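Structure file final.txt; described as compact mmCIF, C-alpha atoms.
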# COMPACT_ATOMS: atom_id res chain seq x y z
CA MET N 1 19.08 -143.99 53.86
CA LYS N 2 22.42 -142.58 55.09
CA VAL N 3 22.47 -140.13 52.21
CA LEU N 4 18.92 -139.08 53.01
CA ILE N 5 19.76 -138.50 56.67
CA GLY N 6 22.85 -136.50 55.68
CA ALA N 7 20.86 -134.35 53.26
CA ARG N 8 18.17 -133.74 55.88
CA SER N 9 20.85 -132.77 58.40
CA TRP N 10 22.35 -130.17 56.06
CA LEU N 11 18.88 -128.87 55.23
CA VAL N 12 18.20 -128.27 58.90
CA LYS N 13 21.61 -126.63 59.16
CA ALA N 14 20.86 -124.32 56.24
CA ILE N 15 17.51 -123.28 57.75
CA SER N 16 19.16 -122.68 61.13
CA LEU N 17 21.85 -120.52 59.57
CA ALA N 18 19.20 -118.56 57.68
CA VAL N 19 17.48 -117.82 61.00
CA VAL N 20 20.84 -116.80 62.50
CA MET N 21 21.47 -114.41 59.61
CA VAL N 22 18.04 -112.85 60.11
CA ILE N 23 18.85 -112.26 63.78
CA ILE N 24 22.20 -110.71 62.82
CA GLU N 25 20.45 -108.50 60.28
CA MET N 26 18.06 -107.30 62.97
CA ALA N 27 21.00 -106.40 65.21
CA ILE N 28 22.71 -104.45 62.44
CA VAL N 29 19.45 -102.64 61.67
CA GLU N 30 19.45 -101.45 65.28
CA VAL N 31 22.98 -100.13 64.78
CA TRP N 32 21.79 -98.41 61.62
CA GLY N 33 18.99 -96.73 63.57
CA LEU N 34 21.50 -95.47 66.13
CA LEU N 35 23.68 -94.25 63.27
CA SER N 36 20.77 -92.26 61.81
CA GLU N 37 20.17 -90.62 65.17
CA ARG N 38 23.84 -89.64 65.54
CA MET N 39 23.90 -88.28 61.99
CA SER N 40 20.87 -86.13 62.78
CA ARG N 41 22.66 -84.70 65.80
CA ARG N 42 25.69 -83.94 63.67
CA GLU N 43 23.52 -82.17 61.10
CA GLU N 44 21.99 -80.05 63.86
CA ALA N 45 25.48 -79.08 65.02
CA GLU N 46 26.43 -78.27 61.43
CA VAL N 47 23.44 -75.94 61.09
CA LYS N 48 24.55 -74.07 64.21
CA ILE N 49 28.11 -73.77 62.93
CA THR N 50 26.82 -72.50 59.59
CA GLU N 51 24.73 -69.86 61.32
CA MET N 52 27.75 -68.63 63.28
CA ALA N 53 30.51 -68.99 60.69
CA GLY N 54 28.51 -68.36 57.51
CA GLY N 55 27.44 -70.83 54.88
CA GLU N 56 28.46 -71.26 51.28
CA GLN N 57 29.78 -67.94 50.02
CA LEU N 58 29.13 -66.33 46.63
CA ILE N 59 30.55 -62.92 45.71
CA GLU N 60 29.06 -61.15 42.69
CA GLY N 61 30.36 -58.06 40.92
CA PRO N 62 31.64 -55.46 41.36
CA ILE N 63 29.52 -53.21 39.13
CA PHE N 64 29.15 -49.41 38.77
CA ILE N 65 25.68 -47.97 39.26
CA VAL N 66 24.19 -44.53 38.77
CA PRO N 67 21.04 -44.93 40.88
CA GLU N 68 17.68 -43.59 39.85
CA GLY N 69 16.19 -40.58 41.62
CA ASP N 70 14.19 -37.40 41.29
CA VAL N 71 16.01 -34.40 39.82
CA LEU N 72 14.60 -30.92 40.40
CA LYS N 73 15.11 -28.52 37.49
CA GLU N 74 14.23 -24.82 37.51
CA SER N 75 12.92 -23.14 34.38
CA ALA N 76 11.79 -19.55 33.65
CA SER N 77 9.03 -18.57 31.23
CA ILE N 78 8.54 -15.28 29.35
CA GLN N 79 5.27 -13.33 29.44
CA LEU N 80 4.16 -10.52 27.11
CA GLU N 81 2.75 -7.37 28.70
CA ALA N 82 1.01 -4.50 26.79
CA SER N 83 2.14 -0.95 27.47
CA ASP N 84 1.15 2.09 25.36
CA GLY N 85 -0.11 -0.17 22.62
CA ALA N 86 3.11 -2.19 22.49
CA PHE N 87 4.02 -5.60 23.91
CA SER N 88 7.15 -6.23 25.89
CA GLU N 89 8.70 -9.44 27.24
CA VAL N 90 8.70 -9.73 31.00
CA PRO N 91 10.27 -12.78 32.68
CA SER N 92 8.00 -14.54 35.13
CA ALA N 93 8.99 -16.18 38.40
CA PRO N 94 11.02 -19.37 37.87
CA SER N 95 9.13 -22.67 38.08
CA THR N 96 10.38 -26.03 39.27
CA GLU N 97 9.77 -29.38 37.59
CA THR N 98 10.71 -32.89 38.69
CA ARG N 99 12.46 -35.26 36.34
CA LYS N 100 13.27 -38.89 36.87
CA ARG N 101 16.91 -39.88 36.54
CA PRO N 102 16.93 -43.48 35.26
CA LEU N 103 18.97 -46.29 36.74
CA ARG N 104 22.18 -46.95 34.82
CA ILE N 105 24.45 -49.96 35.31
CA LYS N 106 27.96 -50.28 33.92
CA PRO N 107 30.04 -53.44 34.35
CA PHE N 108 33.77 -53.06 34.78
CA ASP N 109 35.82 -53.43 31.64
CA ARG N 110 38.36 -55.69 33.34
CA ILE N 111 38.54 -57.44 36.71
CA GLN N 112 41.28 -59.43 38.35
CA LEU N 113 40.10 -61.31 41.43
CA LYS N 114 42.27 -63.38 43.74
CA ALA N 115 41.08 -65.27 46.82
CA ASP N 116 43.14 -67.27 49.32
CA LEU N 117 41.17 -69.60 51.57
CA ALA N 118 42.60 -70.57 54.95
CA SER N 119 40.68 -73.43 56.53
CA GLU N 120 39.87 -73.53 60.24
CA THR N 121 38.46 -76.36 62.35
CA ILE N 122 35.49 -75.41 64.53
CA TYR N 123 34.18 -77.73 67.25
CA ARG N 124 30.66 -78.00 68.58
CA GLY N 125 30.46 -80.70 71.22
CA ILE N 126 32.20 -83.81 69.90
CA TYR N 127 31.72 -82.77 66.27
CA SER N 128 34.25 -80.83 64.21
CA PHE N 129 33.64 -78.89 61.00
CA GLN N 130 35.88 -77.21 58.46
CA THR N 131 35.30 -73.49 57.95
CA PHE N 132 37.42 -70.97 56.07
CA VAL N 133 38.46 -67.34 56.09
CA SER N 134 39.05 -65.99 52.60
CA THR N 135 41.17 -62.94 51.79
CA VAL N 136 39.75 -61.50 48.57
CA THR N 137 41.66 -58.98 46.43
CA ILE N 138 39.91 -57.27 43.50
CA SER N 139 41.54 -55.03 40.91
CA GLY N 140 39.29 -53.46 38.28
CA GLU N 141 39.34 -51.03 35.36
CA LEU N 142 36.34 -48.86 34.51
CA ALA N 143 35.68 -46.38 31.68
CA LEU N 144 32.38 -44.50 31.63
CA SER N 145 30.50 -43.39 28.52
CA GLU N 146 29.45 -39.87 27.63
CA GLU N 147 25.83 -40.84 28.21
CA MET N 148 26.45 -41.86 31.84
CA LEU N 149 28.58 -38.79 32.51
CA SER N 150 25.86 -36.50 31.15
CA LEU N 151 23.15 -37.80 33.46
CA PRO N 152 21.75 -35.01 35.66
CA ARG N 153 23.23 -34.99 39.13
CA ILE N 154 21.22 -34.96 42.31
CA PRO N 155 22.46 -32.47 44.92
CA ASP N 156 24.20 -33.91 47.95
CA THR N 157 24.41 -37.34 46.38
CA PRO N 158 27.40 -39.19 44.92
CA SER N 159 27.88 -39.49 41.19
CA GLY N 160 27.72 -43.26 41.39
CA LEU N 161 28.05 -46.41 43.47
CA VAL N 162 30.38 -49.38 43.30
CA VAL N 163 28.27 -52.37 44.35
CA ILE N 164 29.41 -55.85 45.43
CA LYS N 165 26.90 -58.52 46.38
CA PHE N 166 27.55 -61.18 49.04
CA THR N 167 25.65 -64.26 50.13
CA ASP N 168 25.56 -62.91 53.67
CA ARG N 169 26.90 -59.53 54.75
CA ASN N 170 27.22 -60.81 58.32
CA SER N 171 30.02 -63.15 57.21
CA ILE N 172 32.26 -60.23 56.15
CA ARG N 173 35.01 -60.00 58.74
CA ALA N 174 36.84 -56.91 57.48
CA ILE N 175 37.06 -54.44 54.59
CA GLU N 176 40.76 -53.60 54.51
CA GLU N 177 40.74 -51.42 51.39
CA MET N 178 38.21 -49.97 48.96
CA THR N 179 39.59 -47.28 46.65
CA LEU N 180 38.91 -45.85 43.21
CA ASP N 181 41.86 -44.06 41.65
CA GLY N 182 43.50 -44.17 45.05
CA LYS N 183 40.63 -42.36 46.78
CA GLU N 184 38.94 -44.16 49.65
CA LEU N 185 35.27 -44.91 48.96
CA GLU N 186 32.72 -44.54 51.73
CA LEU N 187 30.51 -47.49 52.60
CA LYS N 188 26.80 -47.01 52.11
CA PRO N 189 24.95 -50.23 52.99
CA LEU N 190 21.95 -51.12 50.89
CA ASN N 191 18.83 -52.59 52.42
CA PHE N 192 18.42 -55.55 50.11
CA ASP N 193 20.25 -58.39 48.39
CA ASN N 194 23.07 -58.45 50.97
CA SER N 195 24.85 -55.92 48.75
CA LEU N 196 27.44 -53.39 49.84
CA ALA N 197 27.52 -50.03 48.05
CA PHE N 198 30.49 -47.66 48.09
CA THR N 199 29.87 -44.04 47.14
CA VAL N 200 31.92 -42.45 44.34
CA PRO N 201 32.46 -38.66 44.80
CA HIS N 202 31.79 -36.25 41.93
CA GLU N 203 35.42 -35.20 41.64
CA VAL N 204 36.50 -38.75 40.80
CA ILE N 205 34.32 -39.18 37.71
CA THR N 206 35.37 -36.47 35.26
CA SER N 207 36.15 -37.62 31.73
CA PRO N 208 35.04 -40.48 29.44
CA GLN N 209 38.63 -40.91 28.25
CA ARG N 210 39.79 -41.71 31.75
CA ILE N 211 40.24 -45.30 32.92
CA HIS N 212 39.44 -45.58 36.60
CA SER N 213 41.25 -48.14 38.75
CA LEU N 214 39.46 -50.01 41.52
CA ARG N 215 41.21 -51.87 44.32
CA ALA N 216 39.39 -53.76 47.06
CA ILE N 217 40.63 -56.08 49.80
CA PHE N 218 38.31 -57.75 52.28
CA LYS N 219 37.97 -60.91 54.33
CA VAL N 220 34.94 -63.17 54.45
CA ARG N 221 34.17 -66.26 56.52
CA GLY N 222 32.21 -69.27 55.31
CA THR N 223 31.85 -73.03 55.13
CA LYS N 224 31.80 -75.73 52.47
CA SER N 225 32.35 -73.61 49.34
CA PHE N 226 33.53 -70.26 48.02
CA SER N 227 32.42 -68.95 44.62
CA VAL N 228 32.62 -65.72 42.65
CA SER N 229 30.66 -64.34 39.73
CA PRO N 230 32.85 -61.67 38.06
CA MET N 231 30.43 -59.51 36.09
CA SER N 232 33.00 -57.90 33.83
CA HIS N 233 33.76 -57.92 30.12
CA VAL N 234 37.21 -59.40 30.69
CA TRP N 235 38.18 -61.12 33.93
CA ASP N 236 40.78 -63.31 35.60
CA VAL N 237 39.95 -65.31 38.72
CA SER N 238 42.52 -67.15 40.86
CA LEU N 239 41.40 -69.23 43.83
CA SER N 240 43.60 -71.16 46.25
CA ALA N 241 43.01 -73.11 49.46
CA ASN N 242 45.21 -74.93 51.95
CA THR N 243 43.41 -78.23 51.40
CA GLU N 244 44.34 -81.38 49.50
CA ASN N 245 40.76 -82.39 48.83
CA PRO N 246 39.07 -79.69 46.71
CA SER N 247 36.40 -79.78 44.08
CA PHE N 248 36.40 -77.00 41.49
CA SER N 249 32.97 -75.91 40.26
CA GLY N 250 31.49 -73.65 37.62
CA SER N 251 30.34 -73.62 34.03
CA LEU N 252 33.88 -72.97 32.77
CA LEU N 253 36.79 -75.37 33.04
CA ALA N 254 39.75 -73.93 34.91
CA GLU N 255 42.65 -73.07 32.60
CA GLU N 256 45.16 -73.98 35.29
CA ARG N 257 44.77 -76.15 38.35
CA SER N 258 47.08 -77.66 40.91
CA VAL N 259 46.40 -80.09 43.78
CA ASN N 260 49.20 -81.27 46.05
CA SER N 261 50.15 -81.65 49.70
CA ASP N 262 50.69 -77.88 50.04
CA GLY N 263 47.16 -77.04 48.94
CA SER N 264 45.11 -76.51 45.80
CA SER N 265 44.66 -73.68 43.33
CA ALA N 266 42.90 -72.90 40.06
CA ARG N 267 42.67 -70.03 37.58
CA TRP N 268 39.88 -69.06 35.20
CA HIS N 269 39.79 -66.46 32.41
CA GLY N 270 36.90 -64.87 30.54
CA GLU N 271 36.87 -62.66 27.44
CA LYS N 272 34.27 -60.16 26.26
CA PHE N 273 32.89 -62.44 23.57
CA SER N 274 32.21 -65.20 26.11
CA THR N 275 30.97 -63.26 29.14
CA GLN N 276 27.57 -62.54 27.56
CA LEU N 277 26.58 -59.79 29.97
CA VAL N 278 22.97 -58.71 29.44
CA CYS N 279 20.56 -56.08 30.69
CA PHE N 280 22.85 -53.06 30.84
CA PRO N 281 22.91 -50.10 30.93
CA GLU N 282 19.13 -50.24 31.41
CA CYS N 283 17.90 -52.69 34.00
CA GLU N 284 14.82 -52.90 36.18
CA SER N 285 16.95 -53.10 39.32
CA GLN N 286 20.27 -54.25 40.69
CA HIS N 287 18.59 -57.50 41.71
CA HIS N 288 17.50 -58.06 38.11
CA TYR N 289 21.01 -57.42 36.82
CA PHE N 290 22.65 -59.82 39.27
CA ALA N 291 20.05 -62.50 38.56
CA GLN N 292 20.50 -62.23 34.79
CA ASN N 293 24.31 -62.30 34.80
CA ARG N 294 25.05 -64.76 37.61
CA ASN N 295 27.63 -67.33 36.45
CA PRO N 296 29.54 -68.56 39.51
CA ILE N 297 32.84 -70.39 39.52
CA GLY N 298 34.55 -71.55 42.66
CA ILE N 299 36.02 -74.19 44.89
CA ASN N 300 34.32 -76.66 47.23
CA LEU N 301 36.13 -77.62 50.40
CA LEU N 302 35.35 -81.29 51.00
CA ASP N 303 35.69 -82.55 54.55
CA GLY N 304 36.32 -86.05 53.29
CA ILE N 305 34.21 -88.97 54.40
CA SER N 306 33.11 -88.67 58.04
CA ALA N 307 32.97 -91.58 60.46
CA HIS N 308 29.17 -91.60 60.19
CA HIS N 309 29.15 -91.92 56.42
CA SER N 310 31.94 -94.50 56.56
CA VAL N 311 29.94 -96.68 58.95
CA GLU N 312 26.89 -96.24 56.73
CA ARG N 313 28.87 -97.37 53.69
CA ALA N 314 30.46 -100.25 55.62
CA ILE N 315 27.04 -101.55 56.70
CA LYS N 316 26.10 -101.92 53.04
CA TYR N 317 28.79 -104.60 52.73
CA ARG N 318 27.59 -106.50 55.82
CA GLU N 319 26.10 -109.47 53.95
CA LEU N 320 29.36 -110.09 52.10
CA VAL N 321 31.40 -110.12 55.32
CA VAL N 322 28.96 -112.43 57.13
CA LEU N 323 28.67 -114.80 54.18
CA LEU N 324 32.45 -114.93 53.79
CA ILE N 325 33.06 -115.85 57.44
CA PHE N 326 30.11 -118.24 57.66
CA GLY N 327 31.18 -119.86 54.42
CA THR N 328 34.67 -120.34 55.84
CA PHE N 329 33.21 -121.99 58.93
CA LEU N 330 31.07 -124.30 56.78
CA LEU N 331 34.12 -125.23 54.73
CA PHE N 332 36.00 -126.12 57.91
CA GLU N 333 33.01 -128.25 58.95
CA PHE N 334 33.14 -130.11 55.64
CA VAL N 335 36.87 -130.67 55.77
CA THR N 336 37.46 -131.37 59.48
CA LYS N 337 34.12 -133.12 60.15
CA ILE N 338 33.67 -130.83 63.16
CA ARG N 339 30.04 -129.88 63.66
CA LEU N 340 29.29 -126.35 64.83
CA HIS N 341 26.02 -125.42 66.49
CA PRO N 342 23.95 -122.55 65.05
CA PHE N 343 24.38 -120.76 68.38
CA GLN N 344 28.13 -120.69 67.72
CA TYR N 345 27.45 -119.04 64.36
CA LEU N 346 25.23 -116.55 66.20
CA LEU N 347 28.07 -115.60 68.55
CA VAL N 348 30.41 -115.02 65.63
CA GLY N 349 27.73 -112.96 63.88
CA ALA N 350 27.30 -110.89 67.05
CA ALA N 351 31.03 -110.13 67.04
CA LEU N 352 30.80 -109.06 63.38
CA SER N 353 27.86 -106.79 64.22
CA LEU N 354 29.76 -105.28 67.14
CA PHE N 355 32.36 -104.02 64.67
CA TYR N 356 29.99 -101.36 63.28
CA LEU N 357 28.95 -100.15 66.73
CA LEU N 358 32.58 -99.86 67.84
CA THR N 359 33.55 -97.95 64.70
CA LEU N 360 30.67 -95.50 65.22
CA THR N 361 31.36 -95.03 68.93
CA PHE N 362 35.10 -94.45 68.65
CA GLY N 363 34.82 -92.58 65.33
CA GLU N 364 32.90 -89.69 66.89
CA HIS N 365 35.76 -89.08 69.33
CA ILE N 366 39.06 -90.08 67.73
CA GLY N 367 38.39 -90.05 63.98
CA LEU N 368 37.75 -92.75 61.43
CA ALA N 369 41.26 -94.19 60.99
CA ALA N 370 41.94 -94.85 64.68
CA ALA N 371 38.36 -95.99 65.32
CA TYR N 372 38.44 -98.43 62.42
CA LEU N 373 41.76 -99.86 63.62
CA ILE N 374 40.46 -100.38 67.16
CA ALA N 375 37.12 -101.85 66.07
CA SER N 376 38.65 -104.21 63.50
CA THR N 377 41.35 -105.35 65.92
CA ILE N 378 38.81 -106.17 68.64
CA THR N 379 36.57 -108.00 66.16
CA VAL N 380 39.43 -110.01 64.64
CA LEU N 381 40.71 -111.05 68.07
CA LEU N 382 37.23 -112.10 69.18
CA VAL N 383 36.45 -114.10 66.04
CA ALA N 384 39.94 -115.61 65.66
CA GLY N 385 40.17 -116.62 69.33
CA TYR N 386 36.71 -118.15 69.32
CA SER N 387 37.41 -119.93 66.03
CA ALA N 388 40.57 -121.48 67.46
CA ALA N 389 38.55 -122.83 70.39
CA VAL N 390 35.62 -124.29 68.44
CA LEU N 391 37.59 -125.53 65.40
CA GLY N 392 40.17 -127.36 67.46
CA GLY N 393 43.39 -125.44 66.91
CA TRP N 394 45.10 -122.08 66.53
CA ARG N 395 45.93 -122.81 62.92
CA HIS N 396 42.26 -122.72 61.98
CA GLY N 397 41.70 -119.69 64.19
CA ALA N 398 44.65 -117.88 62.60
CA THR N 399 43.26 -118.66 59.13
CA VAL N 400 39.89 -117.14 60.02
CA GLY N 401 41.61 -114.15 61.66
CA ALA N 402 43.84 -113.58 58.63
CA LEU N 403 40.86 -113.78 56.29
CA LEU N 404 38.89 -111.28 58.40
CA THR N 405 41.92 -108.96 58.63
CA VAL N 406 42.28 -108.91 54.84
CA THR N 407 38.53 -108.31 54.49
CA TYR N 408 38.52 -105.37 56.87
CA GLY N 409 41.68 -103.96 55.32
CA PHE N 410 40.18 -104.09 51.87
CA LEU N 411 36.90 -102.63 53.14
CA TYR N 412 38.77 -99.70 54.70
CA THR N 413 40.47 -99.00 51.37
CA ILE N 414 37.06 -98.87 49.69
CA LEU N 415 35.64 -96.59 52.38
CA ARG N 416 38.48 -94.09 52.01
CA GLU N 417 38.07 -93.89 48.25
CA GLN N 418 35.50 -91.35 47.03
CA ASP N 419 35.78 -91.87 43.29
CA GLY N 420 37.30 -95.35 42.87
CA SER N 421 35.28 -97.31 45.42
CA LEU N 422 33.15 -99.09 42.80
CA LEU N 423 36.22 -100.09 40.79
CA LEU N 424 38.08 -101.38 43.83
CA GLY N 425 34.99 -103.20 45.07
CA SER N 426 34.51 -104.96 41.75
CA ILE N 427 38.15 -105.99 41.59
CA GLY N 428 38.07 -107.21 45.21
CA LEU N 429 34.98 -109.32 44.67
CA SER N 430 36.52 -110.86 41.57
CA VAL N 431 39.74 -111.70 43.41
CA GLY N 432 37.79 -113.10 46.38
CA LEU N 433 35.62 -115.27 44.17
CA GLY N 434 38.69 -116.53 42.35
CA ALA N 435 40.37 -117.42 45.66
CA ILE N 436 37.30 -119.38 46.82
CA MET N 437 37.14 -121.25 43.51
CA PHE N 438 40.86 -122.05 43.75
CA VAL N 439 40.69 -123.35 47.34
CA THR N 440 37.60 -125.49 46.73
CA ARG N 441 38.56 -126.73 43.27
CA LYS N 442 39.20 -130.30 44.42
CA VAL N 443 36.39 -130.64 46.94
CA ASP N 444 33.99 -133.51 46.21
CA TRP N 445 30.77 -131.81 47.18
CA TYR N 446 28.64 -134.98 46.72
CA SER N 447 30.74 -136.84 49.26
CA LEU N 448 29.92 -134.22 51.89
CA ARG N 449 26.38 -135.62 52.20
CA GLN N 450 27.70 -138.94 53.53

Take the structure in the file and write it out as structure tokens.
Amino acid sequence: MKVLIGARSWLVKAISLAVVMVIIEMAIVEVWGLLSERMSRREEAEVKITEMAGGEQLIEGPIFIVPEGDVLKESASIQLEASDGAFSEVPSAPSTETRKRPLRIKPFDRIQLKADLASETIYRGIYSFQTFVSTVTISGELALSEEMLSLPRIPDTPSGLVVIKFTDRNSIRAIEEMTLDGKELELKPLNFDNSLAFTVPHEVITSPQRIHSLRAIFKVRGTKSFSVSPMSHVWDVSLSANTENPSFSGSLLAEERSVNSDGSSARWHGEKFSTQLVCFPECESQHHYFAQNRNPIGINLLDGISAHHSVERAIKYRELVVLLIFGTFLLFEFVTKIRLHPFQYLLVGAALSLFYLLTLTFGEHIGLAAAYLIASTITVLLVAGYSAAVLGGWRHGATVGALLTVTYGFLYTILREQDGSLLLGSIGLSVGLGAIMFVTRKVDWYSLRQ
């Protein structure tokens, strides 16, 4: 009968604790809803910053274009007139005919592109975002064929255009230099594709044996990522940024890369046999050419894990934290014969739930590290102090506090890791399970029903 009463008592306790855990889950769900609302506000602020500072930047080209157009050509015909029984040739008035000059596109033979990204922090309300200003330097070599040089010229128009395409022309802060063979090229904006066209005078393009040298320097603002698509037969691209947390992107693996406390950098190289440029010299349009030959490589500037995402990830481990602390309390009940009321478990669960709200609240203002330290310290003091009172001594309270401190410390390590969080989590769970098995190895669980 005593065993039956003991078993019934623990059954009631288990049901009560299950109800307590449901209530705690409901409280954490409310925190999760608040988190979703704050994340939505942050996304709205990010959209505004992107509109002002520019979004992800992609630079394509440069390429050389001889645009299509109508060419007027005069021609004279000969008429035969009879005079005194003989015919003589008399030239008639000259006539004019219109011919269509086709579009011709010529990629550069070699391009060297270097971009240095300097990050800047922009604030909107309580939210901060990383933007960048990139200084881009392009050096190119161009040799034109006889066929392109022999195209009929249109009066009062340049012999060609050097075209560079941007994601957004409004994000261009300055064009510091744009020269071909040392001669400044005049800007002629196009009305589509966010492209910039620079006119090439007739006196610059003279001979097919001549190799023309292009040099361009400009600054562009953006956020999140910077990429280039060098549409050249042979190219070298070097990108660097003053950030320790980059992600290099593109279909080609960087030949050289470096990531350290001073910043990050990478270099790519392409040869003629691997560039696979298509659709030149004849193309339907510049848009068609860019679309067919787009092959971006670049660097992504990662902001790291924000406080919002850290709280979201931490909430996913909530059941493990609650079960660990509740299990410790149950173990103390078994060992010390002290009986704790479900309401006391509810108070401890409320303190554990408060941790996520504190981290979110402080994290929006002072950053994740300081917010996590404050929230975990408050939670540990609350739980440890209350445990000392209800378990009958500071030694038990200190044990619970130490266990919760280790748990939060390990959880912070997981939250800060972007690539190794799963590995660390698996190792931590294994170590935790082993510790529980070691501590309870000599417990006679059947005697606990007495």

Coordinates-based distance that separates CA of Ser285 in chain N from CA of Thr137 in chain N (Å, one decimal):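 For CA of Thr137 in chain N relative to CA of Ser285 in chain N, the distance reads 26.4 Å.
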
Contacts of Arg339 in chain N at 12 Å (only C-alpha atoms; same-chain gap of 4+ positions) as an MDAnalysis selection string: chainID N and resid 9:10 13 329:335 343:345 390:392

Pairwise distance for CA of Arg257 in chain N and CA of Asp236 in chain N, rounded to one decimal in Å: 13.7 Å

Polymer residues at most 8 Å from Ser251 in chain N, all atoms listed in the file, same-chain spacing of 3 or more positions, as a ChimeraX atom specification: /N:295-297

Selection near range 178-180 of chain N, 6 Å with all atoms listed in the file, sequence-local residues under 6 positions removed, as a PyMOL selection string: chain N and resi 213-216

Store the residues picked out above in a file with C-alpha atoms, as a short mmCIF file (atom, residue, chain, number, x, y, z; two decimals), keeping the file's coordinate frame.
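Okay, again_33.cif is ready:
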data_model
loop_
_atom_site.label_atom_id
_atom_site.label_comp_id
_atom_site.auth_asym_id
_atom_site.auth_seq_id
_atom_site.Cartn_x
_atom_site.Cartn_y
_atom_site.Cartn_z
CA SER N 213 41.25 -48.14 38.75
CA LEU N 214 39.46 -50.01 41.52
CA ARG N 215 41.21 -51.87 44.32
CA ALA N 216 39.39 -53.76 47.06
#

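Of note, CA of Asp262 in chain N and CA of Asn242 in chain N are spaced 6.5 Å apart.
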
Distance query 6 Å from (26.9, -94.5, 60.9) using only C-alpha atoms, result as a list in words: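 Those residues lying close to the given coordinates are Leu35, His308, His309, Val311, Glu312 and Leu360 of chain N.
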
For Ala53 in chain N, find every residue with an atom within 12 Å (counting all atoms listed in the file), except residues of its own chain fewer than 2 positions away, and show them as a tab-separated table (two decimals) with C-alpha atoms, keeping the file's coordinate frame.
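New file around_4.tsv:
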chain	number	residue	atom	x	y	z
N	46	GLU	CA	26.43	-78.27	61.43
N	47	VAL	CA	23.44	-75.94	61.09
N	48	LYS	CA	24.55	-74.07	64.21
N	49	ILE	CA	28.11	-73.77	62.93
N	50	THR	CA	26.82	-72.50	59.59
N	51	GLU	CA	24.73	-69.86	61.32
N	55	GLY	CA	27.44	-70.83	54.88
N	56	GLU	CA	28.46	-71.26	51.28
N	57	GLN	CA	29.78	-67.94	50.02
N	119	SER	CA	40.68	-73.43	56.53
N	120	GLU	CA	39.87	-73.53	60.24
N	121	THR	CA	38.46	-76.36	62.35
N	122	ILE	CA	35.49	-75.41	64.53
N	123	TYR	CA	34.18	-77.73	67.25
N	124	ARG	CA	30.66	-78.00	68.58
N	129	PHE	CA	33.64	-78.89	61.00
N	130	GLN	CA	35.88	-77.21	58.46
N	131	THR	CA	35.30	-73.49	57.95
N	132	PHE	CA	37.42	-70.97	56.07
N	133	VAL	CA	38.46	-67.34	56.09
N	168	ASP	CA	25.56	-62.91	53.67
N	169	ARG	CA	26.90	-59.53	54.75
N	170	ASN	CA	27.22	-60.81	58.32
N	171	SER	CA	30.02	-63.15	57.21
N	172	ILE	CA	32.26	-60.23	56.15
N	173	ARG	CA	35.01	-60.00	58.74
N	220	VAL	CA	34.94	-63.17	54.45
N	221	ARG	CA	34.17	-66.26	56.52
N	222	GLY	CA	32.21	-69.27	55.31
N	223	THR	CA	31.85	-73.03	55.13
N	224	LYS	CA	31.80	-75.73	52.47

Pick from N:Glu255, N:Glu319, N:Glu203, N:Glu60, whichever lies nearest to Phe290 in chain N using all atoms listed in the file: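 Between N:Glu255, N:Glu319, N:Glu203, N:Glu60, the residue approaching Phe290 in chain N most closely is N:Glu60.
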
Provide an axis-aligned box for all listed atoms of range 372-379 of chain N, padding each side by 4 Å; report its centre and its edge lengths in Å to one decimal, as AutoDock Vina command-line options.
--center_x 39.2 --center_y -103.2 --center_z 65.5 --size_x 13.2 --size_y 17.6 --size_z 14.2

Pick from N:Glu176, N:Val321, N:His233, N:Thr336 nearest to Leu404 in chain N, counting all atoms listed in the file: N:Val321

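For the choices N:Val12, N:Thr359, N:Ser387, N:Arg110, the atom-to-atom distance to Leu347 in chain N is smallest for N:Ser387 when using only C-alpha atoms.
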
Radius query 12 Å about (36.2, -117.2, 69.3), atoms used: only C-alpha atoms, as a ChimeraX atom specification: /N:329,344-352,378-394,396-398,400-401

Given all atoms listed in the file as the counted atoms, nearest of N:Met231, N:Tyr317, N:Glu43, N:Ser36 to Tyr127 in chain N: N:Glu43

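Counting only C-alpha atoms, Leu320 in chain N has the following residues at most 10 Å away, ignoring those fewer than 5 positions along the same chain: N:Ile315, N:Ile325, N:Phe326, N:Thr407, N:Leu429.
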
Among the residues N:Gly160, N:Gly54, N:Gly125, N:Gly140, the one that comes closest to Pro67 in chain N [using all atoms listed in the file]: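 Of the candidates, the smallest distance to Pro67 in chain N is held by N:Gly160.
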